[in-house]
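Peer 1: Pasting a structure below so you can have a look.
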Amino acid sequence: MGTCRSAMHLAALMLTVFHLPLRIVHLAAAMSDPYTSPQFTAVPSDLIVAGGQTATLQCGVSGEPPPSVAWFREGGGEVTSGGRYTVSSTSGELTVSGVELSDEGSYYCVASNAVGSVRSLSASLQLAVFSTEGLPAVGNDILTQIVSNRQSMVLDCTVPTSLPPASIEWELNQAILDEPDFDSGRMGITLSGKLVISSVDLTTDNGRFYCYASNDVISDSRRYTTGHLLISGGATHPLSLPTEFVTTPTSQSVVTGDSAHFDCFTTGTPVAAISWRKDGSPLTSSDHISFSQAARNLTISSVGSEDAGSYLCVATVPSTGASIESPAASLSVIVPPTMQSSFSSLAANITEEVILSCEVVASDDGSNIQWVWRVNGSEVVTSGNVLYDRTGLISTLKILSVMEDNRGVYQCVASLVVAGGDQRQAAANGRLSVILTPPTITTEPTSDLLVFVGVAVSLPCTASGFPPPAFTWARGDGTPVELQNSEDSSNCGTFHGVFILLFFQASFSL
């Protein structure tokens with residue numbers, strides 16, 4: 001590009017004087033380094049897989065140069081391609097084919113490039129379990145019961161050991177009972193799998209009730225577990241029987257984003273209507289609150305902090321208005337660690353002090369949160385020069401005097417063990433670059449310029465340093481100048497940043 005124009009062209013232009021107190025501003029973190037640290041675009045998540053099936057753990061990465069991906073199993077070393085394991089060189093995914101019990105464990109991936117390495121959070125791989133040992137053949141071990149109209153019945157179901165928890169279905173005379181059968185509230189399935197019949201109607205309830213369990217992950221796993229035969233007999237029960245609770249809501253702790261389930265079943269004639277209250281106020285359905293089985297079941301999906309409180313159900317006999325309240329159950333909402341603020345990538349001079357800090361938000365006060373700091377995927381070892389501290393929900397890593405081998409990608413990880421023993425984690429990472437030779441400006445514009453409107457201006461700047469410094473420009477009042485035309489070059493360790501302004505305009509002056 002040209003930096004001057006002919007005198008013939010400029011002769012027709014207005015002569016204008018501008019005072020341009022432009023100055024060079026060097027930002028220590030802004031080095032002319034084209035490399036960027038690895039970042040995760042997809043991370044592995046917990047999996048439950050049926051035996052013999054294929055499991056795929058994700059690990060998407062970005063960075064410059066493009067990072068490589070390596071997989072590790074906690075306590076078992078690196079996992080490489082071979083046999084039933086495949087690590088994709090393009091997507092970074094780890095695929096395990098023909099999953100078996102020996103594959104269970106926690107896995108994580110490490111992304112690495114010239115800048116450094118960063119480790120993902122761990123994800124568990126579990127084999128689905130569905131124990132059918134001891135279950136009878138269909139139709140065997142049936143419990144026969146003589147019943148009469150308007151009698152209340154609670155039919156038990158043997159629920160096998162299962163991961164994930166088994167799904168329960170009931171059949172009556174080989175027909176599956178589902179929501180239409182439960183709409184009146186006369187019968188329904190509790191969270192524990194029992195079938196509650198508030199008021200027997202022998203015109204429909206006479207026959208064989210079978211309970212079936214299945215595992216949603218394992219195909220063709222539906223199994224008969226329990227049978228009941230109801231036979232008509234005995235005197236008909238009175239038209240009115242007192243309402244009594246069979247199940248009531250139970251207190252529970254739930255992590256944000258998970259679901260909470262309550263149930264409320266009664267016996268008695270006439271059949272009672274069920275309503276719910278939260279903190280003493282009526283509870284209605286919403287985008288994440290739903291009722292099923294004539295409001296016997298309450299589901300709160302994607303639980304948030306606002307859902308914490310006291311829940312109870314009210315059973316009301318419609319014909320009389322008489323009602324009873326269940327004991328209240330509390331819903332505690334656990335907010336797992338979420339990164340609120342963290343250090344960003346930065347550059348430091350040799351021997352300079354550096355403080356890296358991470359802060360999380362959580363329902364815990366910080367006393368139960370475990371912190372880990374890593375550099376290039378390995379846990380940071382504290383020493384006289386590297387110190388670690390924590391206060392409440394904040395963790396700090398301090399390097400008293402930065403050395404060349406302190407450079408790399410640093411990562412803070414906050415972990416909290418929640419309900420059921422699950423571990424929830426939050427992580428943040430950033431790059432620490434070490435400046436071996438601080439930038440020094442050796443040449444800069446020192447005098448005002450007298451220019452024509454429309455003329456091109458070139459302002460040179462020379463600096464030295466390692467890693468190579470980058471150049472930024474600002475006006476005299478400190479306002480940054482956004483460069484659309486600039487040149488950077490180097491020669492024998494000296495670096496040149498040339499400010500080039502084409503078609504100088506009066507609006508640029510101060």
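Naming scheme: A, B, ... for chains in displayed order of the structure tokens; residues 1 onward per chain; ligands 1 onward as shown.
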Mind listing the strand (DSSP E or B) residues of range 65-291 of chain A, per DSSP on the backbone, as a PyMOL selection string?
Peer 2: chain A and resi 68-73+77-79+82+85-87+94-96+105-112+117-119+123-127+129-130+142-147+153-155+162-163+167-172+175-176+187-189+195-197+207-214+223-232+241-247+252-255+260-263+265-269+273-278+281-282+289-291
Peer 1: Output as a PyMOL selection string all residues of range 190-307 of chain A that backbone DSSP marks as alpha helix (DSSP H).
Peer 2: chain A and resi 202-205
Peer 1: Those same residues - N, CA, C and O atoms - I'd like them written as a PDB file, in the first residue's frame.
Peer 2:
```pdb
ATOM      1  N   LEU A 202     -66.453 -54.760  41.532  1.00  0.00           N
ATOM      2  CA  LEU A 202     -66.314 -56.135  41.062  1.00  0.00           C
ATOM      3  C   LEU A 202     -66.794 -56.331  39.632  1.00  0.00           C
ATOM      4  O   LEU A 202     -66.497 -57.361  39.018  1.00  0.00           O
ATOM      5  N   THR A 203     -67.499 -55.345  39.071  1.00  0.00           N
ATOM      6  CA  THR A 203     -67.890 -55.477  37.659  1.00  0.00           C
ATOM      7  C   THR A 203     -66.679 -55.339  36.738  1.00  0.00           C
ATOM      8  O   THR A 203     -66.696 -55.813  35.607  1.00  0.00           O
ATOM      9  N   THR A 204     -65.611 -54.693  37.230  1.00  0.00           N
ATOM     10  CA  THR A 204     -64.400 -54.506  36.416  1.00  0.00           C
ATOM     11  C   THR A 204     -63.147 -55.086  37.073  1.00  0.00           C
ATOM     12  O   THR A 204     -62.182 -55.414  36.378  1.00  0.00           O
ATOM     13  N   ASP A 205     -63.146 -55.200  38.399  1.00  0.00           N
ATOM     14  CA  ASP A 205     -61.920 -55.562  39.108  1.00  0.00           C
ATOM     15  C   ASP A 205     -61.799 -57.054  39.398  1.00  0.00           C
ATOM     16  O   ASP A 205     -60.795 -57.475  39.989  1.00  0.00           O
TER      17      ASP A 205
END
```
Peer 1: If I take CA of Ser167 in chain A and CA of Gly51 in chain A, how far is one from the other in Å, to one decimal?
Peer 2: 18.7 Å
Peer 1: If we count only C-alpha atoms and set the cut-off at 10 Å, which residues sit around Val49 in chain A, ignoring sequence neighbours fewer than 2 positions away in its own chain? Please answer as a list in words.
Peer 2: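 Result of the neighbour search: Asp46, Leu47, Gly51, Gly52, Gln53, Thr54, Ala55, Thr56, Gly98, Val99, Glu100, Glu104, Leu125, Gln126, Leu127, Ala128, Val129, Leu163, Pro164, Val217 and Ile218 of chain A.
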Peer 1: Give me the residues near range 295-307 of chain A as a list in words, where near means some atom within 8 Å (using only C-alpha atoms) and where sequence neighbours in that chain fewer than 5 positions away do not count.
Peer 2: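 Counting only C-alpha atoms, the residues come to Gly185, Gly188, Thr190, Val254, Val255, Thr256, Gly257, Asp258, Ser259, Ala260, His261, Phe262, Asp263, Cys264, Phe265, Ile274, Ser275, His288, Ile289, Ser290, Leu331, Val333, Ile334 and Val335 of chain A.
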Peer 1: Using only C-alpha atoms, determine which residues lie at most 10 Å from Gly377 in chain A, disregarding the query and same-chain residues fewer than 6 positions distant; provide the list as a ChimeraX atom specification.
Peer 2: /A:109-112,116-120,408-411
Peer 1: Find the residue from A:Arg186, A:Lys278, A:Arg84, A:His228 that sits nearest to Leu143 in chain A; use only C-alpha atoms when measuring.
Peer 2: A:His228
Peer 1: Identify, on the basis of only C-alpha atoms, every residue whose closest approach to range 195-199 of chain A does not exceed 9 Å; exclude the query and any residue fewer than 6 positions from it along the same chain; express the result as an NGL selection string.
Peer 2: :A and (149-157 or 170 or 185-189 or 211 or 246 or 265-272)
Peer 1: Got a sec: who's within 9 Å of Ser357 in chain A, counting only C-alpha atoms, leaving out chain neighbours fewer than 6 positions off, as a count of residues only?
Peer 2: 9
Peer 1: Let me make sure I understand: among A:Asp216, A:Ser37, A:Leu121, A:Asp422, which one has the smallest atom-to-atom distance to Trp71 in chain A if we use only C-alpha atoms?
Peer 2: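 Looking only at the distances to Trp71 in chain A, the closest residue turns out to be A:Leu121.
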Peer 1: Any idea what the distance is between CA of Val354 in chain A and CA of Met403 in chain A?
Peer 2: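 Taking CA of Val354 in chain A and CA of Met403 in chain A, their separation equals 10.7 Å.
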